[in-house]
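**Q** As input, take data33.pdb (PDB, C-alpha atoms):
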```pdb
ATOM      1  CA  MET A   1      98.587  79.837  98.781  1.00  0.00           C
ATOM      2  CA  LEU A   2      99.023  76.095  98.285  1.00  0.00           C
ATOM      3  CA  LEU A   3      96.319  74.343  96.277  1.00  0.00           C
ATOM      4  CA  PHE A   4      95.404  70.682  96.140  1.00  0.00           C
ATOM      5  CA  ALA A   5      93.408  68.177  94.091  1.00  0.00           C
ATOM      6  CA  ARG A   6      90.759  69.814  91.857  1.00  0.00           C
ATOM      7  CA  TYR A   7      91.820  73.315  92.896  1.00  0.00           C
ATOM      8  CA  ARG A   8      95.395  72.599  91.826  1.00  0.00           C
ATOM      9  CA  GLU A   9      94.161  71.215  88.532  1.00  0.00           C
ATOM     10  CA  ALA A  10      91.953  74.269  87.967  1.00  0.00           C
ATOM     11  CA  ALA A  11      94.829  76.659  88.644  1.00  0.00           C
ATOM     12  CA  GLY A  12      97.318  74.628  86.626  1.00  0.00           C
ATOM     13  CA  ARG A  13      99.859  74.935  89.416  1.00  0.00           C
ATOM     14  CA  ALA A  14     100.508  73.825  92.985  1.00  0.00           C
ATOM     15  CA  ALA A  15     100.593  77.308  94.491  1.00  0.00           C
ATOM     16  CA  LEU A  16      99.487  80.837  93.648  1.00  0.00           C
ATOM     17  CA  GLU A  17     100.984  84.075  94.866  1.00  0.00           C
ATOM     18  CA  VAL A  18      98.632  87.001  95.457  1.00  0.00           C
ATOM     19  CA  ASP A  19      99.082  90.428  96.993  1.00  0.00           C
ATOM     20  CA  VAL A  20      96.977  91.305 100.008  1.00  0.00           C
ATOM     21  CA  PRO A  21      97.128  94.245 102.418  1.00  0.00           C
ATOM     22  CA  ALA A  22      98.534  93.779 105.912  1.00  0.00           C
ATOM     23  CA  GLY A  23      95.932  92.319 108.228  1.00  0.00           C
ATOM     24  CA  ALA A  24      94.211  90.342 105.475  1.00  0.00           C
ATOM     25  CA  THR A  25      92.370  87.168 106.407  1.00  0.00           C
ATOM     26  CA  LEU A  26      92.646  83.706 104.897  1.00  0.00           C
ATOM     27  CA  GLY A  27      89.243  84.285 103.331  1.00  0.00           C
ATOM     28  CA  GLN A  28      90.497  87.476 101.644  1.00  0.00           C
ATOM     29  CA  VAL A  29      93.525  85.629 100.261  1.00  0.00           C
ATOM     30  CA  TRP A  30      91.141  83.044  98.838  1.00  0.00           C
ATOM     31  CA  GLU A  31      89.083  85.829  97.218  1.00  0.00           C
ATOM     32  CA  ARG A  32      92.192  86.993  95.379  1.00  0.00           C
ATOM     33  CA  VAL A  33      92.982  83.456  94.272  1.00  0.00           C
ATOM     34  CA  ARG A  34      89.444  83.087  92.917  1.00  0.00           C
ATOM     35  CA  GLU A  35      89.825  86.304  90.974  1.00  0.00           C
ATOM     36  CA  GLN A  36      92.873  84.837  89.253  1.00  0.00           C
ATOM     37  CA  VAL A  37      91.386  81.424  88.506  1.00  0.00           C
ATOM     38  CA  PRO A  38      88.021  81.605  86.747  1.00  0.00           C
ATOM     39  CA  ALA A  39      87.347  77.891  87.300  1.00  0.00           C
ATOM     40  CA  LEU A  40      87.401  78.503  91.061  1.00  0.00           C
ATOM     41  CA  ARG A  41      84.970  81.427  91.106  1.00  0.00           C
ATOM     42  CA  GLY A  42      82.139  79.260  92.390  1.00  0.00           C
ATOM     43  CA  GLU A  43      84.165  77.910  95.294  1.00  0.00           C
ATOM     44  CA  GLU A  44      82.940  80.024  98.157  1.00  0.00           C
ATOM     45  CA  ARG A  45      83.709  77.717 101.052  1.00  0.00           C
ATOM     46  CA  PRO A  46      86.965  75.823 100.589  1.00  0.00           C
ATOM     47  CA  LEU A  47      88.743  74.094 103.434  1.00  0.00           C
ATOM     48  CA  LEU A  48      91.535  76.398 104.605  1.00  0.00           C
ATOM     49  CA  ALA A  49      94.729  75.723 106.501  1.00  0.00           C
ATOM     50  CA  CYS A  50      97.354  77.885 108.122  1.00  0.00           C
ATOM     51  CA  ASP A  51     100.724  76.443 109.099  1.00  0.00           C
ATOM     52  CA  ARG A  52      99.457  72.909 108.451  1.00  0.00           C
ATOM     53  CA  ALA A  53      96.371  73.137 110.670  1.00  0.00           C
ATOM     54  CA  TYR A  54      92.734  73.725 109.705  1.00  0.00           C
ATOM     55  CA  SER A  55      91.814  77.378 110.066  1.00  0.00           C
ATOM     56  CA  SER A  56      88.714  79.491 109.617  1.00  0.00           C
ATOM     57  CA  ALA A  57      88.336  82.091 106.876  1.00  0.00           C
ATOM     58  CA  ASP A  58      88.463  84.962 109.365  1.00  0.00           C
ATOM     59  CA  ARG A  59      91.959  84.121 110.572  1.00  0.00           C
ATOM     60  CA  VAL A  60      94.401  86.957 109.935  1.00  0.00           C
ATOM     61  CA  VAL A  61      97.480  85.808 108.040  1.00  0.00           C
ATOM     62  CA  SER A  62     100.978  87.111 108.409  1.00  0.00           C
ATOM     63  CA  GLU A  63     104.250  87.016 106.536  1.00  0.00           C
ATOM     64  CA  GLY A  64     105.964  83.658 106.366  1.00  0.00           C
ATOM     65  CA  GLN A  65     102.960  81.493 107.182  1.00  0.00           C
ATOM     66  CA  GLU A  66     102.176  78.479 105.028  1.00  0.00           C
ATOM     67  CA  ILE A  67      98.576  78.739 103.875  1.00  0.00           C
ATOM     68  CA  ALA A  68      96.525  76.322 101.808  1.00  0.00           C
ATOM     69  CA  ALA A  69      93.071  75.875 100.287  1.00  0.00           C
ATOM     70  CA  PHE A  70      91.498  72.613  99.199  1.00  0.00           C
ATOM     71  CA  PRO A  71      88.209  70.810  98.482  1.00  0.00           C
ATOM     72  CA  PRO A  72      86.596  68.241 100.834  1.00  0.00           C
ATOM     73  CA  VAL A  73      89.008  65.413 101.587  1.00  0.00           C
ATOM     74  CA  SER A  74      88.605  61.849 100.280  1.00  0.00           C
ATOM     75  CA  GLY A  75      91.490  59.778 101.608  1.00  0.00           C
ATOM     76  CA  GLY A  76      91.293  56.220 102.870  1.00  0.00           C
TER      77      GLY A  76
ATOM     78  CA  MET B   1     105.111  54.738 123.360  1.00  0.00           C
ATOM     79  CA  SER B   2     105.033  53.753 119.729  1.00  0.00           C
ATOM     80  CA  GLY B   3     103.636  55.603 116.796  1.00  0.00           C
ATOM     81  CA  LEU B   4     104.192  55.560 113.064  1.00  0.00           C
ATOM     82  CA  TYR B   5     102.522  58.127 110.796  1.00  0.00           C
ATOM     83  CA  ARG B   6     103.597  58.410 107.202  1.00  0.00           C
ATOM     84  CA  ILE B   7     102.475  59.462 103.754  1.00  0.00           C
ATOM     85  CA  GLU B   8     104.289  57.197 101.335  1.00  0.00           C
ATOM     86  CA  ASP B   9     104.876  57.637  97.610  1.00  0.00           C
ATOM     87  CA  GLY B  10     105.124  53.912  96.963  1.00  0.00           C
ATOM     88  CA  PRO B  11     103.751  50.600  98.209  1.00  0.00           C
ATOM     89  CA  ILE B  12     102.780  50.389 101.893  1.00  0.00           C
ATOM     90  CA  ASP B  13     103.196  47.249 103.975  1.00  0.00           C
ATOM     91  CA  PRO B  14     100.694  46.113 106.645  1.00  0.00           C
ATOM     92  CA  GLY B  15     103.576  44.144 108.157  1.00  0.00           C
ATOM     93  CA  GLU B  16     105.507  47.334 108.850  1.00  0.00           C
ATOM     94  CA  ALA B  17     102.509  48.846 110.658  1.00  0.00           C
ATOM     95  CA  ILE B  18     101.996  45.673 112.698  1.00  0.00           C
ATOM     96  CA  GLY B  19     105.676  45.555 113.572  1.00  0.00           C
ATOM     97  CA  ALA B  20     105.600  49.175 114.692  1.00  0.00           C
ATOM     98  CA  VAL B  21     102.800  48.708 117.238  1.00  0.00           C
ATOM     99  CA  GLY B  22     103.347  45.233 118.708  1.00  0.00           C
ATOM    100  CA  GLY B  23     105.006  44.633 122.065  1.00  0.00           C
ATOM    101  CA  PRO B  24     105.157  42.226 124.992  1.00  0.00           C
ATOM    102  CA  ASP B  25     102.485  43.971 127.075  1.00  0.00           C
ATOM    103  CA  ARG B  26      99.964  43.928 124.222  1.00  0.00           C
ATOM    104  CA  GLY B  27      97.671  40.989 123.564  1.00  0.00           C
ATOM    105  CA  ALA B  28      95.928  42.336 120.470  1.00  0.00           C
ATOM    106  CA  ILE B  29      96.773  44.065 117.221  1.00  0.00           C
ATOM    107  CA  ALA B  30      93.863  45.194 115.061  1.00  0.00           C
ATOM    108  CA  THR B  31      94.551  46.247 111.483  1.00  0.00           C
ATOM    109  CA  PHE B  32      92.613  47.860 108.671  1.00  0.00           C
ATOM    110  CA  THR B  33      93.794  47.845 105.076  1.00  0.00           C
ATOM    111  CA  GLY B  34      91.995  49.901 102.453  1.00  0.00           C
ATOM    112  CA  THR B  35      92.507  48.640  98.915  1.00  0.00           C
ATOM    113  CA  ALA B  36      91.886  50.080  95.482  1.00  0.00           C
ATOM    114  CA  ARG B  37      88.442  48.906  94.345  1.00  0.00           C
ATOM    115  CA  ASP B  38      87.518  48.323  90.719  1.00  0.00           C
ATOM    116  CA  HIS B  39      84.134  50.051  90.765  1.00  0.00           C
ATOM    117  CA  HIS B  40      82.353  53.096  92.146  1.00  0.00           C
ATOM    118  CA  GLY B  41      78.742  54.068  91.655  1.00  0.00           C
ATOM    119  CA  GLY B  42      78.277  51.460  88.936  1.00  0.00           C
ATOM    120  CA  ARG B  43      81.330  52.657  87.011  1.00  0.00           C
ATOM    121  CA  ARG B  44      84.393  50.577  86.299  1.00  0.00           C
ATOM    122  CA  VAL B  45      87.517  51.985  87.944  1.00  0.00           C
ATOM    123  CA  VAL B  46      90.813  51.011  86.311  1.00  0.00           C
ATOM    124  CA  ALA B  47      93.232  52.762  88.669  1.00  0.00           C
ATOM    125  CA  LEU B  48      93.314  55.144  91.620  1.00  0.00           C
ATOM    126  CA  GLU B  49      95.512  58.100  92.303  1.00  0.00           C
ATOM    127  CA  TYR B  50      95.969  59.847  95.638  1.00  0.00           C
ATOM    128  CA  GLN B  51      97.335  63.296  96.334  1.00  0.00           C
ATOM    129  CA  ALA B  52      98.108  64.592  99.825  1.00  0.00           C
ATOM    130  CA  TYR B  53      99.135  67.756 101.557  1.00  0.00           C
ATOM    131  CA  ALA B  54     101.760  65.477 103.047  1.00  0.00           C
ATOM    132  CA  PRO B  55     103.234  67.498 105.918  1.00  0.00           C
ATOM    133  CA  MET B  56      99.788  68.515 107.169  1.00  0.00           C
ATOM    134  CA  ALA B  57      98.407  65.012 106.617  1.00  0.00           C
ATOM    135  CA  GLU B  58     101.167  63.528 108.760  1.00  0.00           C
ATOM    136  CA  GLU B  59     100.326  66.062 111.491  1.00  0.00           C
ATOM    137  CA  VAL B  60      96.657  65.080 111.275  1.00  0.00           C
ATOM    138  CA  LEU B  61      97.515  61.365 111.454  1.00  0.00           C
ATOM    139  CA  ARG B  62      99.665  62.031 114.532  1.00  0.00           C
ATOM    140  CA  ALA B  63      96.755  63.908 116.124  1.00  0.00           C
ATOM    141  CA  ILE B  64      94.440  60.974 115.372  1.00  0.00           C
ATOM    142  CA  GLY B  65      96.940  58.705 117.144  1.00  0.00           C
ATOM    143  CA  ALA B  66      96.756  61.006 120.167  1.00  0.00           C
ATOM    144  CA  GLU B  67      92.951  60.823 120.083  1.00  0.00           C
ATOM    145  CA  VAL B  68      93.121  57.022 120.019  1.00  0.00           C
ATOM    146  CA  ALA B  69      95.451  57.115 123.028  1.00  0.00           C
ATOM    147  CA  GLU B  70      93.084  59.362 124.924  1.00  0.00           C
ATOM    148  CA  ARG B  71      89.868  57.523 124.050  1.00  0.00           C
ATOM    149  CA  PHE B  72      91.003  53.914 124.040  1.00  0.00           C
ATOM    150  CA  GLY B  73      93.940  54.016 126.422  1.00  0.00           C
ATOM    151  CA  THR B  74      96.613  52.804 124.033  1.00  0.00           C
ATOM    152  CA  PRO B  75      99.339  54.870 122.354  1.00  0.00           C
ATOM    153  CA  HIS B  76     100.370  52.067 119.984  1.00  0.00           C
ATOM    154  CA  VAL B  77      99.096  53.320 116.631  1.00  0.00           C
ATOM    155  CA  ALA B  78     100.466  53.176 113.101  1.00  0.00           C
ATOM    156  CA  ILE B  79      98.864  54.840 110.085  1.00  0.00           C
ATOM    157  CA  LEU B  80     100.378  54.664 106.597  1.00  0.00           C
ATOM    158  CA  HIS B  81      98.731  56.235 103.559  1.00  0.00           C
ATOM    159  CA  ARG B  82      99.934  55.835 100.032  1.00  0.00           C
ATOM    160  CA  ILE B  83      99.944  58.573  97.413  1.00  0.00           C
ATOM    161  CA  GLY B  84     100.519  58.438  93.666  1.00  0.00           C
ATOM    162  CA  ARG B  85      98.966  55.979  91.260  1.00  0.00           C
ATOM    163  CA  LEU B  86      97.705  52.594  92.491  1.00  0.00           C
ATOM    164  CA  ALA B  87      96.685  49.529  90.555  1.00  0.00           C
ATOM    165  CA  ILE B  88      93.411  47.841  91.496  1.00  0.00           C
ATOM    166  CA  GLY B  89      93.874  45.702  94.613  1.00  0.00           C
ATOM    167  CA  GLU B  90      96.845  47.615  95.985  1.00  0.00           C
ATOM    168  CA  ALA B  91      96.729  49.001  99.520  1.00  0.00           C
ATOM    169  CA  SER B  92      95.940  52.700  99.818  1.00  0.00           C
ATOM    170  CA  VAL B  93      95.893  52.895 103.608  1.00  0.00           C
ATOM    171  CA  VAL B  94      96.962  50.739 106.543  1.00  0.00           C
ATOM    172  CA  VAL B  95      95.975  51.309 110.175  1.00  0.00           C
ATOM    173  CA  ALA B  96      97.268  49.167 113.038  1.00  0.00           C
ATOM    174  CA  VAL B  97      96.369  49.619 116.702  1.00  0.00           C
ATOM    175  CA  ALA B  98      97.789  47.436 119.449  1.00  0.00           C
ATOM    176  CA  ALA B  99      96.382  47.241 122.959  1.00  0.00           C
ATOM    177  CA  ALA B 100      96.399  44.974 125.979  1.00  0.00           C
ATOM    178  CA  HIS B 101      93.013  43.564 124.912  1.00  0.00           C
ATOM    179  CA  ARG B 102      91.099  43.132 121.663  1.00  0.00           C
ATOM    180  CA  ARG B 103      88.214  45.494 122.364  1.00  0.00           C
ATOM    181  CA  GLU B 104      90.409  48.574 122.661  1.00  0.00           C
ATOM    182  CA  ALA B 105      92.479  47.510 119.659  1.00  0.00           C
ATOM    183  CA  LEU B 106      89.455  46.914 117.411  1.00  0.00           C
ATOM    184  CA  ALA B 107      87.606  50.042 118.530  1.00  0.00           C
ATOM    185  CA  GLY B 108      90.726  52.199 118.233  1.00  0.00           C
ATOM    186  CA  CYS B 109      91.417  50.907 114.736  1.00  0.00           C
ATOM    187  CA  ALA B 110      87.841  51.598 113.572  1.00  0.00           C
ATOM    188  CA  TYR B 111      87.961  55.057 115.107  1.00  0.00           C
ATOM    189  CA  ALA B 112      91.279  55.900 113.457  1.00  0.00           C
ATOM    190  CA  ILE B 113      90.198  55.048 109.898  1.00  0.00           C
ATOM    191  CA  GLU B 114      86.939  56.990 110.252  1.00  0.00           C
ATOM    192  CA  ARG B 115      88.824  60.031 111.538  1.00  0.00           C
ATOM    193  CA  LEU B 116      91.383  59.748 108.745  1.00  0.00           C
ATOM    194  CA  LYS B 117      88.644  59.735 106.118  1.00  0.00           C
ATOM    195  CA  ALA B 118      87.019  62.799 107.650  1.00  0.00           C
ATOM    196  CA  MET B 119      90.089  64.865 108.487  1.00  0.00           C
ATOM    197  CA  ALA B 120      93.302  63.968 106.653  1.00  0.00           C
ATOM    198  CA  PRO B 121      94.081  66.310 103.726  1.00  0.00           C
ATOM    199  CA  ILE B 122      94.283  63.534 101.145  1.00  0.00           C
ATOM    200  CA  TRP B 123      92.306  63.271  97.880  1.00  0.00           C
ATOM    201  CA  LYS B 124      91.403  60.357  95.665  1.00  0.00           C
ATOM    202  CA  ARG B 125      91.180  60.530  91.906  1.00  0.00           C
ATOM    203  CA  GLU B 126      89.440  57.687  90.124  1.00  0.00           C
ATOM    204  CA  HIS B 127      90.565  56.704  86.665  1.00  0.00           C
ATOM    205  CA  TYR B 128      87.904  55.184  84.430  1.00  0.00           C
ATOM    206  CA  GLU B 129      88.125  53.593  81.017  1.00  0.00           C
ATOM    207  CA  ASP B 130      87.155  56.950  79.500  1.00  0.00           C
ATOM    208  CA  GLY B 131      88.363  59.638  81.875  1.00  0.00           C
ATOM    209  CA  ALA B 132      89.059  60.483  85.495  1.00  0.00           C
ATOM    210  CA  ALA B 133      87.481  62.406  88.366  1.00  0.00           C
ATOM    211  CA  TRP B 134      88.502  63.777  91.740  1.00  0.00           C
ATOM    212  CA  ILE B 135      86.391  62.424  94.577  1.00  0.00           C
ATOM    213  CA  GLU B 136      85.417  65.020  97.167  1.00  0.00           C
ATOM    214  CA  GLY B 137      84.199  64.042 100.628  1.00  0.00           C
ATOM    215  CA  CYS B 138      83.399  60.564 101.908  1.00  0.00           C
ATOM    216  CA  THR B 139      81.140  59.111  99.267  1.00  0.00           C
ATOM    217  CA  ASP B 140      80.512  55.666 100.674  1.00  0.00           C
ATOM    218  CA  ALA B 141      79.777  53.988 103.962  1.00  0.00           C
ATOM    219  CA  GLY B 142      82.735  51.745 104.374  1.00  0.00           C
ATOM    220  CA  GLY B 143      85.344  51.893 101.670  1.00  0.00           C
TER     221      GLY B 143
END
```
Could you render the structure from this file as structure tokens?
**A**
Amino acid sequence: MLLFARYREAAGRAALEVDVPAGATLGQVWERVREQVPALRGEERPLLACDRAYSSADRVVSEGQEIAAFPPVSGG
Amino acid sequence: MSGLYRIEDGPIDPGEAIGAVGGPDRGAIATFTGTARDHHGGRRVVALEYQAYAPMAEEVLRAIGAEVAERFGTPHVAILHRIGRLAIGEASVVVAVAAAHRREALAGCAYAIERLKAMAPIWKREHYEDGAAWIEGCTDAGG
């Protein structure tokens, strides 16, 4: 799972690999990431993306997809 | 059909955006340039840094261009956003929208920058004299 901005800083890396069972959702992947990164434990509702498009936490992920989690955006 | 959507790790040029959208059937080009400001919430800001999920951000910018085409009837949109570290006064974002007439150009340009701020996966980090902080969400009315 790709991480950006404060999440990336908290994890100390740009992406984390976690194991999830087949049929897992984006939200379940995020749960695993939070387990690995104590500083992210309080982040219950990140923005999530699948294959470079915003996705909801209940989206089922599959092998080979590019998934990402990040805080509210602040470009401009 | 013109369109230019790019996340750039280096200086961005309003002239390039203007050049990308202009054409003989267009009587107006509206532009917006966002620049690195030296204060925020009463604190002195010495530099800005932007990070982007670049491939997704470029997709989002392209989608914003399509929304401008649908709502304002002109496909001539350019959006450039800089990432990396910026000195105060440097351009962080440039939007240019060309249309047959000024109203569509101005309205399309205003729409595009508001949508970018709400949707594009890009984050700003402010550097202060004594530290730095990520900004999350739109924190001001018109910056």
**Q** Tell me, as a PDB file with C-alpha atoms, keeping the file's coordinate frame, which residues lie within 9 Å of stretch 94-104 of chain B, counting all atoms listed in the file; anything in the same chain fewer than 3 positions away does not count.
**A**
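Full text of around-v6.pdb as output:
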```
ATOM      1  CA  GLY A  76      91.293  56.220 102.870  1.00  0.00           C
TER       2      GLY A  76
ATOM      3  CA  ILE B  12     102.780  50.389 101.893  1.00  0.00           C
ATOM      4  CA  ASP B  13     103.196  47.249 103.975  1.00  0.00           C
ATOM      5  CA  PRO B  14     100.694  46.113 106.645  1.00  0.00           C
ATOM      6  CA  ALA B  17     102.509  48.846 110.658  1.00  0.00           C
ATOM      7  CA  ILE B  18     101.996  45.673 112.698  1.00  0.00           C
ATOM      8  CA  ALA B  20     105.600  49.175 114.692  1.00  0.00           C
ATOM      9  CA  VAL B  21     102.800  48.708 117.238  1.00  0.00           C
ATOM     10  CA  GLY B  22     103.347  45.233 118.708  1.00  0.00           C
ATOM     11  CA  GLY B  23     105.006  44.633 122.065  1.00  0.00           C
ATOM     12  CA  ASP B  25     102.485  43.971 127.075  1.00  0.00           C
ATOM     13  CA  ARG B  26      99.964  43.928 124.222  1.00  0.00           C
ATOM     14  CA  GLY B  27      97.671  40.989 123.564  1.00  0.00           C
ATOM     15  CA  ALA B  28      95.928  42.336 120.470  1.00  0.00           C
ATOM     16  CA  ILE B  29      96.773  44.065 117.221  1.00  0.00           C
ATOM     17  CA  ALA B  30      93.863  45.194 115.061  1.00  0.00           C
ATOM     18  CA  THR B  31      94.551  46.247 111.483  1.00  0.00           C
ATOM     19  CA  PHE B  32      92.613  47.860 108.671  1.00  0.00           C
ATOM     20  CA  THR B  33      93.794  47.845 105.076  1.00  0.00           C
ATOM     21  CA  GLY B  34      91.995  49.901 102.453  1.00  0.00           C
ATOM     22  CA  VAL B  68      93.121  57.022 120.019  1.00  0.00           C
ATOM     23  CA  PHE B  72      91.003  53.914 124.040  1.00  0.00           C
ATOM     24  CA  GLY B  73      93.940  54.016 126.422  1.00  0.00           C
ATOM     25  CA  THR B  74      96.613  52.804 124.033  1.00  0.00           C
ATOM     26  CA  PRO B  75      99.339  54.870 122.354  1.00  0.00           C
ATOM     27  CA  HIS B  76     100.370  52.067 119.984  1.00  0.00           C
ATOM     28  CA  VAL B  77      99.096  53.320 116.631  1.00  0.00           C
ATOM     29  CA  ALA B  78     100.466  53.176 113.101  1.00  0.00           C
ATOM     30  CA  ILE B  79      98.864  54.840 110.085  1.00  0.00           C
ATOM     31  CA  LEU B  80     100.378  54.664 106.597  1.00  0.00           C
ATOM     32  CA  HIS B  81      98.731  56.235 103.559  1.00  0.00           C
ATOM     33  CA  ARG B  82      99.934  55.835 100.032  1.00  0.00           C
ATOM     34  CA  ALA B  91      96.729  49.001  99.520  1.00  0.00           C
ATOM     35  CA  ALA B 107      87.606  50.042 118.530  1.00  0.00           C
ATOM     36  CA  GLY B 108      90.726  52.199 118.233  1.00  0.00           C
ATOM     37  CA  CYS B 109      91.417  50.907 114.736  1.00  0.00           C
ATOM     38  CA  ALA B 110      87.841  51.598 113.572  1.00  0.00           C
ATOM     39  CA  ALA B 112      91.279  55.900 113.457  1.00  0.00           C
ATOM     40  CA  ILE B 113      90.198  55.048 109.898  1.00  0.00           C
TER      41      ILE B 113
END
```
**Q** Would you give me, as a list in words, the residues of chain B that come within 6 Å of chain A, using all atoms listed in the file?
**A**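 Residues of chain B within 6 Å of chain A, counting all atoms listed in the file: Met56, Val93, Lys117, Pro121, Ile122, Trp123, Lys124, Glu136, Gly137 and Cys138 of chain B.
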**Q** Enter the distance from atom CA of A:Arg41 to atom CA of A:Ser62, in Å, rounded to one decimal.
**A**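 Value for the atom CA of A:Arg41-atom CA of A:Ser62 distance: 24.2 Å.
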**Q** Give me the result of the PyMOL selection byres ((chain A and resi 30) around 9) on this file, residue by residue, as a list in words.
**A** Met1, Thr25, Leu26, Gly27, Gln28, Val29, Glu31, Arg32, Val33, Arg34, Glu35, Glu44, Pro46, Leu48, Ala57 and Ala69 of chain A
**Q** So how far away is atom CA of B:Ser92 from atom CA of B:Arg44, in Å?
**A**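 The value is 17.9 Å.
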**Q** Mind giving me the straight-line distance from atom CA of B:Ala132 to atom CA of A:Tyr7 in Å, one decimal?
**A**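 Distance between the two atoms: 15.1 Å.
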**Q** Pick out the residues sitting within 7 Å of B:Arg85, and hand them over as a ChimeraX atom specification; count only C-alpha atoms, and ignore anything fewer than 4 positions along from it in its own chain.
**A** /B:48-50
**Q** Which is closer to A:Ala39 than all the others in A:Val60, A:Gly12, A:Glu66, A:Ala22, using only C-alpha atoms?
**A**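 That would be A:Gly12, the residue with the smallest distance to A:Ala39.
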**Q** Which is closer to B:Ala87 than all the others in B:Ile64, B:Ala120, B:Leu4, B:Ala47, using only C-alpha atoms?
**A**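 Counting only C-alpha atoms, the residue closest to B:Ala87 is B:Ala47.
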**Q** The centre and edge lengths of an axis-aligned box containing all atoms of stretch 24-38 of chain B present in the file, extended by 6 Å on each side, are to be given in Å to one decimal, as AutoDock Vina command-line options.
**A**
```
--center_x 96.3 --center_y 45.5 --center_z 108.9 --size_x 29.6 --size_y 21.1 --size_z 48.4
```
**Q** Name the closest residue to A:Ala15 among the candidates B:Gly65, B:His39, B:Tyr53, B:Leu106; distances are taken between atoms, counting all atoms listed in the file.
**A**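 For A:Ala15, the nearest of the candidates is B:Tyr53.
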**Q** Since the input lacks atoms, please generate all heavy atoms for stretch 85-90 of chain B and provide them as a PDB file, in the frame of the given file.
**A**
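Resulting contents of out.pdb:
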```
ATOM      1  N   ARG B  85      99.905  56.814  91.999  1.00  0.00           N
ATOM      2  CA  ARG B  85      98.966  55.979  91.260  1.00  0.00           C
ATOM      3  C   ARG B  85      99.001  54.534  91.747  1.00  0.00           C
ATOM      4  O   ARG B  85     100.075  53.968  91.933  1.00  0.00           O
ATOM      5  CB  ARG B  85      99.297  56.040  89.768  1.00  0.00           C
ATOM      6  CG  ARG B  85      98.183  55.511  88.875  1.00  0.00           C
ATOM      7  CD  ARG B  85      98.550  55.712  87.412  1.00  0.00           C
ATOM      8  NE  ARG B  85      97.644  54.995  86.538  1.00  0.00           N
ATOM      9  CZ  ARG B  85      96.748  55.588  85.746  1.00  0.00           C
ATOM     10  NH1 ARG B  85      96.674  56.890  85.699  1.00  0.00           N
ATOM     11  NH2 ARG B  85      95.953  54.860  84.978  1.00  0.00           N
ATOM     12  N   LEU B  86      97.827  53.965  91.990  1.00  0.00           N
ATOM     13  CA  LEU B  86      97.705  52.594  92.491  1.00  0.00           C
ATOM     14  C   LEU B  86      96.965  51.731  91.484  1.00  0.00           C
ATOM     15  O   LEU B  86      95.971  52.163  90.902  1.00  0.00           O
ATOM     16  CB  LEU B  86      96.888  52.552  93.781  1.00  0.00           C
ATOM     17  CG  LEU B  86      97.541  52.948  95.098  1.00  0.00           C
ATOM     18  CD1 LEU B  86      97.832  54.435  95.144  1.00  0.00           C
ATOM     19  CD2 LEU B  86      96.618  52.560  96.250  1.00  0.00           C
ATOM     20  N   ALA B  87      97.428  50.509  91.338  1.00  0.00           N
ATOM     21  CA  ALA B  87      96.685  49.529  90.555  1.00  0.00           C
ATOM     22  C   ALA B  87      95.552  48.967  91.418  1.00  0.00           C
ATOM     23  O   ALA B  87      95.614  49.026  92.654  1.00  0.00           O
ATOM     24  CB  ALA B  87      97.612  48.400  90.114  1.00  0.00           C
ATOM     25  N   ILE B  88      94.523  48.450  90.767  1.00  0.00           N
ATOM     26  CA  ILE B  88      93.411  47.841  91.496  1.00  0.00           C
ATOM     27  C   ILE B  88      93.945  46.734  92.413  1.00  0.00           C
ATOM     28  O   ILE B  88      94.794  45.940  92.006  1.00  0.00           O
ATOM     29  CB  ILE B  88      92.374  47.269  90.498  1.00  0.00           C
ATOM     30  CG1 ILE B  88      91.760  48.404  89.665  1.00  0.00           C
ATOM     31  CG2 ILE B  88      91.276  46.484  91.232  1.00  0.00           C
ATOM     32  CD1 ILE B  88      91.150  49.544  90.456  1.00  0.00           C
ATOM     33  N   GLY B  89      93.457  46.721  93.650  1.00  0.00           N
ATOM     34  CA  GLY B  89      93.874  45.702  94.613  1.00  0.00           C
ATOM     35  C   GLY B  89      95.010  46.133  95.516  1.00  0.00           C
ATOM     36  O   GLY B  89      95.225  45.543  96.577  1.00  0.00           O
ATOM     37  N   GLU B  90      95.737  47.175  95.138  1.00  0.00           N
ATOM     38  CA  GLU B  90      96.845  47.615  95.985  1.00  0.00           C
ATOM     39  C   GLU B  90      96.327  48.369  97.206  1.00  0.00           C
ATOM     40  O   GLU B  90      95.269  48.994  97.172  1.00  0.00           O
ATOM     41  CB  GLU B  90      97.797  48.527  95.184  1.00  0.00           C
ATOM     42  CG  GLU B  90      98.627  47.775  94.160  1.00  0.00           C
ATOM     43  CD  GLU B  90      99.730  48.635  93.565  1.00  0.00           C
ATOM     44  OE1 GLU B  90      99.415  49.694  92.983  1.00  0.00           O
ATOM     45  OE2 GLU B  90     100.902  48.241  93.677  1.00  0.00           O
TER      46      GLU B  90
END
```
